[in-house]
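S.K.: My file is run.cif. It has mmCIF, C-alpha atoms and all ligand atoms:
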data_coords
loop_
_atom_site.label_atom_id
_atom_site.label_comp_id
_atom_site.auth_asym_id
_atom_site.auth_seq_id
_atom_site.Cartn_x
_atom_site.Cartn_y
_atom_site.Cartn_z
CA MET A 16 -25.84 9.33 -0.28
CA SER A 17 -22.71 11.29 -1.30
CA THR A 18 -22.80 12.89 -4.75
CA LEU A 19 -19.06 12.16 -4.99
CA GLY A 20 -19.68 8.43 -4.96
CA GLY A 21 -18.30 5.86 -2.59
CA ALA A 22 -14.83 4.63 -1.70
CA VAL A 23 -13.43 1.33 -0.47
CA VAL A 24 -10.18 1.07 1.48
CA THR A 25 -8.59 -2.31 2.19
CA GLY A 26 -6.46 -3.00 5.25
CA ALA A 27 -8.00 0.07 6.89
CA GLY A 28 -8.27 -1.32 10.43
CA ARG A 29 -5.06 0.44 11.46
CA GLY A 30 -1.94 2.18 10.14
CA LEU A 31 -1.99 4.03 6.87
CA GLY A 32 -5.31 2.57 5.69
CA ARG A 33 -7.13 3.93 8.72
CA LEU A 34 -5.90 7.46 7.94
CA VAL A 35 -6.66 7.12 4.22
CA ALA A 36 -10.23 6.11 5.10
CA GLY A 37 -10.45 9.28 7.23
CA LEU A 38 -9.15 11.38 4.35
CA LEU A 39 -11.84 9.99 2.04
CA VAL A 40 -14.59 10.66 4.60
CA ASP A 41 -13.27 14.22 5.00
CA ARG A 42 -13.42 14.64 1.23
CA GLY A 43 -17.11 13.76 1.30
CA HIS A 44 -17.14 10.12 0.18
CA ASP A 45 -19.21 7.33 1.66
CA VAL A 46 -16.46 4.93 2.74
CA LEU A 47 -16.41 1.19 3.26
CA VAL A 48 -13.64 0.50 5.77
CA THR A 49 -12.42 -3.07 5.26
CA ASP A 50 -9.80 -5.21 6.95
CA LEU A 51 -8.96 -8.84 7.60
CA ASP A 52 -9.57 -7.85 11.22
CA GLY A 53 -13.30 -7.05 11.11
CA GLU A 54 -13.35 -5.67 14.67
CA ALA A 55 -10.57 -3.21 13.88
CA ALA A 56 -12.43 -2.11 10.72
CA ALA A 57 -15.64 -1.63 12.75
CA ALA A 58 -13.80 0.47 15.36
CA VAL A 59 -12.33 2.71 12.64
CA ALA A 60 -15.73 3.14 10.95
CA ALA A 61 -17.32 4.05 14.31
CA GLU A 62 -14.59 6.65 14.84
CA LEU A 63 -15.17 8.14 11.35
CA GLY A 64 -18.90 8.68 11.78
CA PRO A 65 -22.01 8.03 9.70
CA ARG A 66 -20.33 8.25 6.28
CA ALA A 67 -18.24 5.18 7.14
CA THR A 68 -19.32 1.55 7.40
CA ALA A 69 -17.19 -1.50 7.99
CA ARG A 70 -16.79 -4.99 6.65
CA ALA A 71 -14.36 -7.82 7.35
CA LEU A 72 -12.53 -8.54 4.12
CA ASP A 73 -9.64 -10.79 3.19
CA VAL A 74 -8.25 -9.31 -0.02
CA ARG A 75 -7.01 -12.76 -1.10
CA ASP A 76 -10.65 -13.84 -1.60
CA ASP A 77 -11.86 -12.48 -4.96
CA VAL A 78 -15.50 -13.42 -4.31
CA ALA A 79 -15.46 -11.55 -1.00
CA VAL A 80 -13.78 -8.56 -2.68
CA ASP A 81 -16.59 -8.38 -5.26
CA ALA A 82 -19.17 -8.67 -2.46
CA ALA A 83 -17.57 -5.71 -0.64
CA ARG A 84 -17.66 -3.68 -3.85
CA ASP A 85 -21.33 -4.52 -4.39
CA GLU A 86 -22.17 -3.52 -0.80
CA LEU A 87 -20.54 -0.13 -1.32
CA VAL A 88 -22.23 0.45 -4.68
CA GLY A 89 -25.58 -0.50 -3.13
CA ARG A 90 -25.08 2.13 -0.45
CA ALA A 91 -23.28 4.92 -2.32
CA GLY A 92 -24.79 4.53 -5.78
CA ARG A 93 -21.43 4.30 -7.52
CA LEU A 94 -17.81 3.50 -6.77
CA ALA A 95 -15.50 6.51 -7.21
CA VAL A 96 -12.32 5.43 -5.40
CA TRP A 97 -10.81 2.07 -4.47
CA VAL A 98 -7.64 2.03 -2.37
CA ASN A 99 -5.69 -1.24 -2.29
CA ASN A 100 -3.79 -0.65 0.93
CA ALA A 101 -3.76 -4.04 2.72
CA GLY A 102 -0.24 -5.39 3.04
CA VAL A 103 1.98 -7.74 5.04
CA LEU A 104 5.73 -7.76 5.62
CA VAL A 105 7.67 -10.80 6.80
CA THR A 106 11.41 -10.10 6.80
CA GLY A 107 14.44 -12.27 6.20
CA PRO A 108 16.17 -13.85 3.24
CA ALA A 109 13.74 -15.91 1.14
CA TRP A 110 15.65 -19.13 1.86
CA GLU A 111 15.08 -18.70 5.60
CA GLN A 112 11.34 -18.05 5.32
CA ASP A 113 8.75 -20.75 5.52
CA PRO A 114 6.72 -21.28 2.34
CA GLN A 115 3.54 -19.99 4.03
CA ALA A 116 5.19 -16.62 4.72
CA ARG A 117 6.31 -16.32 1.10
CA ARG A 118 2.85 -17.27 -0.15
CA LEU A 119 1.15 -14.86 2.29
CA MET A 120 3.09 -11.83 1.04
CA LEU A 121 2.51 -12.65 -2.62
CA GLU A 122 -1.17 -13.34 -2.06
CA VAL A 123 -1.97 -10.28 0.07
CA ASN A 124 0.32 -7.70 -1.54
CA ALA A 125 0.16 -8.77 -5.19
CA LEU A 126 -2.97 -10.89 -5.66
CA GLY A 127 -4.95 -8.72 -3.22
CA THR A 128 -4.08 -5.64 -5.29
CA ILE A 129 -5.06 -7.48 -8.47
CA ASN A 130 -8.37 -8.64 -6.95
CA GLY A 131 -9.26 -5.13 -5.79
CA THR A 132 -8.28 -3.45 -9.03
CA VAL A 133 -10.18 -5.90 -11.23
CA SER A 134 -13.25 -5.67 -9.01
CA ALA A 135 -13.13 -1.86 -9.03
CA ILE A 136 -12.72 -1.63 -12.80
CA ALA A 137 -15.91 -3.65 -13.30
CA ALA A 138 -17.83 -1.08 -11.22
CA MET A 139 -16.07 1.96 -12.71
CA ARG A 140 -16.56 1.19 -16.41
CA GLU A 141 -19.77 3.17 -16.63
CA HIS A 142 -18.94 6.28 -14.58
CA GLY A 143 -15.14 6.22 -14.32
CA GLY A 144 -13.15 6.21 -11.09
CA HIS A 145 -9.74 6.02 -9.49
CA VAL A 146 -7.83 3.00 -8.19
CA VAL A 147 -5.03 3.95 -5.78
CA ASN A 148 -2.56 1.18 -5.06
CA VAL A 149 -0.38 1.59 -1.99
CA VAL A 150 2.81 -0.09 -3.11
CA SER A 151 6.29 0.75 -1.76
CA LEU A 152 9.74 1.85 -2.85
CA ALA A 153 10.38 -1.90 -2.48
CA GLY A 154 8.46 -2.21 -5.76
CA LEU A 155 11.21 -0.28 -7.58
CA THR A 156 14.50 -1.39 -6.08
CA PRO A 157 16.38 -4.35 -4.53
CA VAL A 158 15.61 -4.68 -0.81
CA PRO A 159 17.87 -7.12 1.08
CA GLY A 160 15.97 -8.54 4.06
CA GLU A 161 12.64 -7.99 2.30
CA ALA A 162 13.12 -9.92 -0.96
CA VAL A 163 9.73 -11.62 -1.18
CA TYR A 164 7.97 -8.44 -0.02
CA ALA A 165 9.88 -6.59 -2.78
CA ALA A 166 8.82 -9.25 -5.29
CA SER A 167 5.18 -8.80 -4.30
CA LYS A 168 5.44 -5.01 -4.61
CA HIS A 169 7.25 -5.21 -7.98
CA ALA A 170 4.32 -7.38 -9.09
CA ALA A 171 1.82 -4.79 -7.86
CA ILE A 172 3.51 -2.00 -9.87
CA GLY A 173 3.92 -4.12 -12.99
CA PHE A 174 0.28 -5.10 -12.80
CA SER A 175 -0.95 -1.53 -12.19
CA LEU A 176 0.97 0.04 -15.07
CA SER A 177 0.13 -2.81 -17.44
CA THR A 178 -3.55 -2.62 -16.56
CA ALA A 179 -3.56 1.15 -17.09
CA ALA A 180 -2.09 0.43 -20.54
CA ASP A 181 -4.72 -2.27 -21.16
CA LEU A 182 -7.49 0.22 -20.33
CA ARG A 183 -5.97 2.64 -22.84
CA LEU A 184 -5.63 -0.11 -25.46
CA ALA A 185 -9.24 -1.14 -24.95
CA GLY A 186 -10.42 2.46 -25.30
CA ILE A 187 -11.88 2.45 -21.78
CA GLY A 188 -11.54 6.02 -20.54
CA GLY A 189 -12.13 7.65 -17.18
CA ILE A 190 -10.46 5.06 -14.98
CA ASP A 191 -7.13 6.08 -13.43
CA ILE A 192 -4.70 3.81 -11.63
CA SER A 193 -2.16 5.49 -9.35
CA CYS A 194 0.61 3.77 -7.37
CA ILE A 195 1.98 5.35 -4.20
CA CYS A 196 5.52 4.14 -3.42
CA PRO A 197 6.65 5.29 0.03
CA ASP A 198 9.90 4.55 1.82
CA GLY A 199 9.58 3.19 5.39
CA ILE A 200 6.57 4.60 7.28
CA TRP A 201 6.25 4.64 11.06
CA THR A 202 3.12 2.45 11.30
CA PRO A 203 2.38 -0.76 13.24
CA MET A 204 4.00 -2.65 10.33
CA LEU A 205 7.38 -1.39 11.57
CA HIS A 206 6.65 -0.82 15.28
CA ASP A 207 7.83 -4.33 16.22
CA LYS A 208 10.80 -4.36 13.86
CA LEU A 209 13.30 -2.07 15.62
CA ASP A 210 15.38 -5.11 16.66
CA ASP A 211 14.92 -6.97 13.38
CA PRO A 212 18.03 -6.71 11.16
CA GLY A 213 15.94 -8.05 8.25
CA ALA A 214 13.93 -4.81 8.30
CA ALA A 215 17.01 -2.55 8.20
CA LEU A 216 16.29 -1.23 4.71
CA SER A 217 12.93 0.12 5.90
CA PHE A 218 14.88 2.34 8.31
CA SER A 219 17.68 3.35 5.94
CA GLY A 220 16.12 6.63 4.83
CA ARG A 221 14.14 9.31 6.65
CA LEU A 222 11.31 7.37 8.23
CA LEU A 223 8.02 8.82 6.96
CA GLN A 224 5.12 9.71 9.22
CA PRO A 225 1.84 8.19 7.96
CA GLU A 226 0.34 11.68 7.63
CA GLU A 227 2.95 12.53 4.96
CA VAL A 228 1.81 9.55 2.91
CA VAL A 229 -1.85 10.50 3.39
CA ALA A 230 -1.01 13.97 2.05
CA ALA A 231 0.52 12.31 -1.02
CA VAL A 232 -2.64 10.22 -1.47
CA ALA A 233 -4.68 13.45 -1.30
CA ARG A 234 -2.51 15.02 -4.04
CA VAL A 235 -2.88 11.94 -6.22
CA LEU A 236 -6.65 11.93 -5.74
CA ASP A 237 -6.68 15.48 -7.15
CA ARG A 238 -4.17 14.68 -9.89
CA PRO A 239 -3.80 10.97 -10.76
CA ARG A 240 -0.22 9.84 -11.43
CA PRO A 241 0.94 6.36 -12.44
CA VAL A 242 3.78 6.31 -9.86
CA THR A 243 4.44 8.65 -6.93
CA THR A 244 7.57 8.05 -4.83
CA LEU A 245 8.05 9.33 -1.30
CA PRO A 246 10.26 11.05 -0.38
CA ARG A 247 11.16 12.15 -3.88
CA SER A 248 14.94 11.90 -3.34
CA ARG A 249 14.66 8.21 -2.40
CA GLY A 250 12.48 7.70 -5.45
CA VAL A 251 15.27 9.06 -7.63
CA GLN A 252 17.72 6.69 -5.89
CA ALA A 253 15.37 3.76 -6.46
CA ARG A 254 15.06 4.56 -10.17
CA LEU A 255 18.85 4.89 -10.50
CA ALA A 256 19.18 1.52 -8.74
CA ALA A 257 16.91 0.00 -11.37
CA LEU A 258 19.21 1.39 -14.08
CA ALA A 259 22.37 0.12 -12.36
CA PRO A 260 21.37 -3.14 -10.63
CA ARG A 261 24.94 -4.42 -10.15
CA LEU A 262 25.88 -1.23 -8.29
CA ALA A 263 22.61 -1.30 -6.31
CA VAL A 264 23.33 -4.84 -5.08
CA ALA A 265 26.98 -3.96 -4.33
CA VAL A 266 26.13 -0.96 -2.10
CA SER A 267 23.20 -2.64 -0.33
CA PRO A 268 25.30 -3.73 2.73
CA LEU A 269 26.17 -0.04 3.31
CA VAL A 270 22.50 0.94 3.06
CA ALA A 271 21.53 -1.87 5.45
CA ALA A 272 24.20 -0.73 7.93
CA ARG A 273 22.71 2.78 7.89
CA GLY A 274 19.27 1.32 8.58
CA ARG A 275 20.59 -0.77 11.49
CA ARG A 276 22.12 2.36 13.06
CA THR A 277 18.73 4.11 12.89
CA GLN A 278 17.00 1.05 14.39
CA ALA A 279 19.54 0.99 17.26
CA ARG A 280 19.08 4.72 17.92
CA MET A 281 15.29 4.43 17.93
CA LEU A 282 15.47 1.42 20.28
CA ARG A 283 17.69 3.40 22.69
CA GLU A 284 15.34 6.41 22.57
CA ARG A 285 12.21 4.33 23.06
N1 LIG B 1 4.99 0.78 6.96
C1 LIG B 1 5.88 0.88 5.97
O1 LIG B 1 7.07 1.05 6.19
C2 LIG B 1 5.41 0.81 4.55
C3 LIG B 1 6.25 1.34 3.55
C4 LIG B 1 5.84 1.29 2.23
C5 LIG B 1 4.62 0.75 1.91
N2 LIG B 1 3.82 0.24 2.90
C6 LIG B 1 2.55 -0.34 2.51
O2 LIG B 1 1.53 0.45 3.06
C7 LIG B 1 0.35 -0.36 3.21
C8 LIG B 1 -0.25 -0.14 4.59
O3 LIG B 1 0.66 -0.69 5.53
P1 LIG B 1 0.84 -0.14 7.01
O4 LIG B 1 2.21 0.38 7.10
O5 LIG B 1 -0.31 0.72 7.39
O6 LIG B 1 0.83 -1.53 7.79
P2 LIG B 1 -0.08 -2.11 8.96
O7 LIG B 1 0.51 -3.45 9.24
O8 LIG B 1 -0.17 -1.14 10.05
O9 LIG B 1 -1.53 -2.26 8.30
C9 LIG B 1 -1.81 -3.25 7.34
C10 LIG B 1 -3.27 -3.64 7.45
O10 LIG B 1 -3.53 -4.63 6.44
C11 LIG B 1 -4.39 -5.61 7.03
N3 LIG B 1 -4.30 -6.89 6.32
C12 LIG B 1 -3.30 -7.82 6.40
N4 LIG B 1 -3.61 -8.90 5.66
C13 LIG B 1 -4.82 -8.64 5.08
C14 LIG B 1 -5.66 -9.36 4.21
N5 LIG B 1 -5.34 -10.59 3.79
N6 LIG B 1 -6.82 -8.78 3.81
C15 LIG B 1 -7.17 -7.55 4.26
N7 LIG B 1 -6.43 -6.83 5.11
C16 LIG B 1 -5.25 -7.37 5.51
C17 LIG B 1 -3.92 -5.71 8.47
O11 LIG B 1 -4.92 -6.31 9.30
C18 LIG B 1 -3.63 -4.26 8.80
O12 LIG B 1 -4.76 -3.62 9.35
C19 LIG B 1 0.78 -1.80 2.92
O13 LIG B 1 0.44 -2.15 1.61
C20 LIG B 1 2.29 -1.72 3.06
O14 LIG B 1 2.93 -2.74 2.34
C21 LIG B 1 4.18 0.28 4.21
#
Would you put the structure from the file into structure tokens?
M.R.:
Amino acid sequence: MSTLGGAVVTGAGRGLGRLVAGLLVDRGHDVLVTDLDGEAAAAVAAELGPRATARALDVRDDVAVDAARDELVGRAGRLAVWVNNAGVLVTGPAWEQDPQARRLMLEVNALGTINGTVSAIAAMREHGGHVVNVVSLAGLTPVPGEAVYAASKHAAIGFSLSTAADLRLAGIGGIDISCICPDGIWTPMLHDKLDDPGAALSFSGRLLQPEEVVAAVARVLDRPRPVTTLPRSRGVQARLAALAPRLAVAVSPLVAARGRRTQARMLRER
């Protein structure tokens, strides 16, 4: 049993979550690798060695989320870190999406983050702990082509900051909530979207490698921060966009055009 306590990572069957689970194992935590795809979670846990175990988990199911937490606490003694990483992206204007796609993004990205955070807080009240929410720059700025995704990520940030304030108001110390807000990351989420104009904004900056985001998670684990943007320059742009929404909406076709050029180049080079 690790003296550092245990960690749970959601959506860790591939992409960023898989690497974050590896980071937590490397830092000495007992890690519960969870994913909607239980086989993928099991494969990642097998790869990470004896400190990792796996469990199929749909973050939309609050009862199942609590059961995952209890399994980890039973094994590790206490919960030190919970990473809400599971996410889904369906592109296109909201009016062209079917209602199930809209519901899916809100339920996984927003409600899943709420379920995980609430569940973690219950286990962290006694000993403290750290909730890390993988959000997105889409939680800070308008994102044409990803409107419902952006809505779900704005919800995740609003919830995280408000809950941090609620903890303070309630005098509950020792529990940190940190949001990581990256620009587009080259993970399976984007691998099939090079010919999707709806995903252009994800390609409009310097595409991040997942390892860069994992390094940011490592920094935040050492020094909790309410919001970390990646890369920093795009974070500044996103915050300016929030201050000048009319301008942000007006220039969005130019930003989308830049993203489409990057998509076309990457498709050619593939
Ligand atoms: N890739 C990007 O460009 C990008 C940019 C910013 C933020 N993010 C965020 O980073 C996080 C990780 O995404 P990724 O890029 O690794 O994507 P990914 O698609 O590679 O991985 C997402 C994982 O979440 C799992 N998942 C989906 N629905 C689930 C559910 N209901 N319950 C549990 N697990 C579920 C999937 O099975 C998958 O393993 C997501 O929250 C995403 O929104 C991604």
S.K.: Report, in Å to a single decimal, how far apart CA of Gln112 (chain A) and CA of Val98 (chain A) are.
M.R.: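 Computing the Euclidean distance for CA of Val98 (chain A) and CA of Gln112 (chain A) yields 28.7 Å.
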S.K.: When you look at Gly21 (chain A) with a cut-off of 6 Å (counting only C-alpha atoms), what residues show up, excluding the ones that are within fewer than 4 positions of it in the same chain? I need them as a PDB file with C-alpha atoms, in the frame of the given file.
M.R.:
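And here is the file that came out, selection_33.pdb:
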ATOM      1  CA  HIS A  44     -17.140  10.120   0.180  1.00  0.00           C
ATOM      2  CA  ASP A  45     -19.210   7.330   1.660  1.00  0.00           C
ATOM      3  CA  VAL A  46     -16.460   4.930   2.740  1.00  0.00           C
ATOM      4  CA  ALA A  91     -23.280   4.920  -2.320  1.00  0.00           C
ATOM      5  CA  LEU A  94     -17.810   3.500  -6.770  1.00  0.00           C
ATOM      6  CA  ALA A  95     -15.500   6.510  -7.210  1.00  0.00           C
TER       7      ALA A  95
END
S.K.: Tell me which of A:Gly107, A:Pro212, A:Gly43, A:Leu245 sits closest to Met16 (chain A), counting all atoms listed in the file.
M.R.: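 Ranked by minimum distance to Met16 (chain A), first place goes to A:Gly43.
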S.K.: Per residue of chain A within 6 Å of ligand LIG 1 (chain B), record the nearest atom pair and its distance in Å to one decimal, counting all atoms listed in the file, with rows in chain order and ascending residue number, as a Markdown table.
M.R.:
| residue | atom | partner | partner_atom | distance |
| --- | --- | --- | --- | --- |
| A:Thr25 | CA | B:LIG1 | N7 | 5.8 |
| A:Gly26 | CA | B:LIG1 | O10 | 3.6 |
| A:Ala27 | CA | B:LIG1 | O12 | 5.5 |
| A:Gly28 | CA | B:LIG1 | O12 | 4.3 |
| A:Arg29 | CA | B:LIG1 | O12 | 4.6 |
| A:Gly30 | CA | B:LIG1 | O5 | 3.5 |
| A:Leu31 | CA | B:LIG1 | O5 | 3.7 |
| A:Gly32 | CA | B:LIG1 | O5 | 5.6 |
| A:Asp50 | CA | B:LIG1 | N7 | 4.2 |
| A:Leu51 | CA | B:LIG1 | C15 | 4.0 |
| A:Asp52 | CA | B:LIG1 | O11 | 5.3 |
| A:Leu72 | CA | B:LIG1 | C15 | 5.5 |
| A:Asp73 | CA | B:LIG1 | N6 | 3.5 |
| A:Val74 | CA | B:LIG1 | N6 | 4.1 |
| A:Arg75 | CA | B:LIG1 | N5 | 5.6 |
| A:Asn100 | CA | B:LIG1 | O13 | 4.5 |
| A:Ala101 | CA | B:LIG1 | O10 | 3.8 |
| A:Gly102 | CA | B:LIG1 | O13 | 3.6 |
| A:Val103 | CA | B:LIG1 | C12 | 5.5 |
| A:Val123 | CA | B:LIG1 | N5 | 5.0 |
| A:Val149 | CA | B:LIG1 | O13 | 5.3 |
| A:Val150 | CA | B:LIG1 | C5 | 5.4 |
| A:Ser151 | CA | B:LIG1 | C5 | 4.0 |
| A:Pro197 | CA | B:LIG1 | C4 | 4.6 |
| A:Asp198 | CA | B:LIG1 | C3 | 5.2 |
| A:Gly199 | CA | B:LIG1 | O1 | 3.4 |
| A:Ile200 | CA | B:LIG1 | O1 | 3.7 |
| A:Trp201 | CA | B:LIG1 | N1 | 5.8 |
| A:Thr202 | CA | B:LIG1 | O4 | 4.8 |
| A:Pro203 | CA | B:LIG1 | O8 | 4.1 |
| A:Met204 | CA | B:LIG1 | O7 | 3.7 |
| A:Leu205 | CA | B:LIG1 | N1 | 5.6 |
| A:Ser217 | CA | B:LIG1 | O1 | 5.9 |
S.K.: Between CA of Gln278 (chain A) and CA of Ala265 (chain A), what is the spacing in Å?
M.R.: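 Computed distance, CA of Ala265 (chain A) to CA of Gln278 (chain A), equals 21.8 Å.
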S.K.: Write out as number ranges by chain the residues lying within 9 Å of Ile195 (chain A), counting all atoms listed in the file and excluding same-chain residues fewer than 5 positions away.
M.R.: A: 147-152, 228, 231-232, 235, 240-245
S.K.: Using all atoms listed in the file, which of the listed residues (A:Ala233, A:Ala116, A:Val163, A:Ala79) sits closest to Asn130 (chain A)?
M.R.: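 Going through A:Ala233, A:Ala116, A:Val163, A:Ala79 one by one, the smallest distance to Asn130 (chain A) is for A:Ala79.
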S.K.: Near Arg285 (chain A), within 12 Å and counting only C-alpha atoms, which residues show up once chain neighbours fewer than 4 positions away are dropped, as a compact mmCIF listing (two decimals) with C-alpha atoms, keeping the file's coordinate frame?
M.R.:
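Listed below is the output, result-v6.txt:
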# COMPACT_ATOMS: atom_id res chain seq x y z
CA HIS A 206 6.65 -0.82 15.28
CA ASP A 207 7.83 -4.33 16.22
CA LEU A 209 13.30 -2.07 15.62
CA ASP A 210 15.38 -5.11 16.66
CA GLN A 278 17.00 1.05 14.39
CA ALA A 279 19.54 0.99 17.26
CA ARG A 280 19.08 4.72 17.92
CA MET A 281 15.29 4.43 17.93
S.K.: If you count only C-alpha atoms, which residues fall within 9 Å of Thr106 (chain A), apart from same-chain ones fewer than 4 positions away, as number ranges by chain?
M.R.: A: 112, 160-164, 211-214
S.K.: Tell me which of A:Glu284, A:Glu62, A:Glu86, A:Glu111 sits closest to Leu34 (chain A), counting all atoms listed in the file.
M.R.: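 Looking only at the distances to Leu34 (chain A), the closest residue turns out to be A:Glu62.
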S.K.: What gap, in Å, lies between CA of Thr18 (chain A) and CA of Thr49 (chain A)?
M.R.: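 Spanning CA of Thr18 (chain A) to CA of Thr49 (chain A) is a straight-line distance of 21.5 Å.
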S.K.: Using all atoms listed in the file, find the one residue out of A:Pro246, A:Ala215, A:Val88, A:Leu236 that sits nearest to Thr277 (chain A).
M.R.: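 That would be A:Ala215, the residue with the smallest distance to Thr277 (chain A).
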S.K.: The residues within 12 Å of (-7.8, 4.1, -14.5), using all atoms listed in the file and the coordinates of the file, should be reported as a PyMOL selection string; which are they?
M.R.: chain A and resi 95-97+132-133+135-140+142-148+175-194+236+239-241
S.K.: Which residue gives the smallest distance to Ala257 (chain A) among A:Arg234, A:His169, A:Arg276, A:Arg33, with all atoms listed in the file counted?
M.R.: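 Result for the nearest residue to Ala257 (chain A): A:His169.
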S.K.: Select, from A:Gly89, A:Gly53, A:Gly131, A:Gly37, the residue with the minimum atom-to-atom distance to Gly20 (chain A), counting all atoms listed in the file.
M.R.: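 That would be A:Gly89, the residue with the smallest distance to Gly20 (chain A).
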S.K.: Select, counting only C-alpha atoms, all protein, DNA and RNA residues no farther than 12 Å from (-18.5, 6.1, 12.4) in file coordinates, and express the selection as a PyMOL selection string.
M.R.: chain A and resi 36-37+40+45-48+56-69
S.K.: For C-alpha atoms, I'd like the residues from the last selection saved as an mmCIF file, in the frame of the given file.
M.R.:
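The new file selection-v2.cif reads:
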data_model
loop_
_atom_site.group_PDB
_atom_site.id
_atom_site.type_symbol
_atom_site.label_atom_id
_atom_site.label_comp_id
_atom_site.auth_asym_id
_atom_site.auth_seq_id
_atom_site.Cartn_x
_atom_site.Cartn_y
_atom_site.Cartn_z
ATOM 1 C CA ALA A 36 -10.230 6.110 5.100
ATOM 2 C CA GLY A 37 -10.450 9.280 7.230
ATOM 3 C CA VAL A 40 -14.590 10.660 4.600
ATOM 4 C CA ASP A 45 -19.210 7.330 1.660
ATOM 5 C CA VAL A 46 -16.460 4.930 2.740
ATOM 6 C CA LEU A 47 -16.410 1.190 3.260
ATOM 7 C CA VAL A 48 -13.640 0.500 5.770
ATOM 8 C CA ALA A 56 -12.430 -2.110 10.720
ATOM 9 C CA ALA A 57 -15.640 -1.630 12.750
ATOM 10 C CA ALA A 58 -13.800 0.470 15.360
ATOM 11 C CA VAL A 59 -12.330 2.710 12.640
ATOM 12 C CA ALA A 60 -15.730 3.140 10.950
ATOM 13 C CA ALA A 61 -17.320 4.050 14.310
ATOM 14 C CA GLU A 62 -14.590 6.650 14.840
ATOM 15 C CA LEU A 63 -15.170 8.140 11.350
ATOM 16 C CA GLY A 64 -18.900 8.680 11.780
ATOM 17 C CA PRO A 65 -22.010 8.030 9.700
ATOM 18 C CA ARG A 66 -20.330 8.250 6.280
ATOM 19 C CA ALA A 67 -18.240 5.180 7.140
ATOM 20 C CA THR A 68 -19.320 1.550 7.400
ATOM 21 C CA ALA A 69 -17.190 -1.500 7.990
#
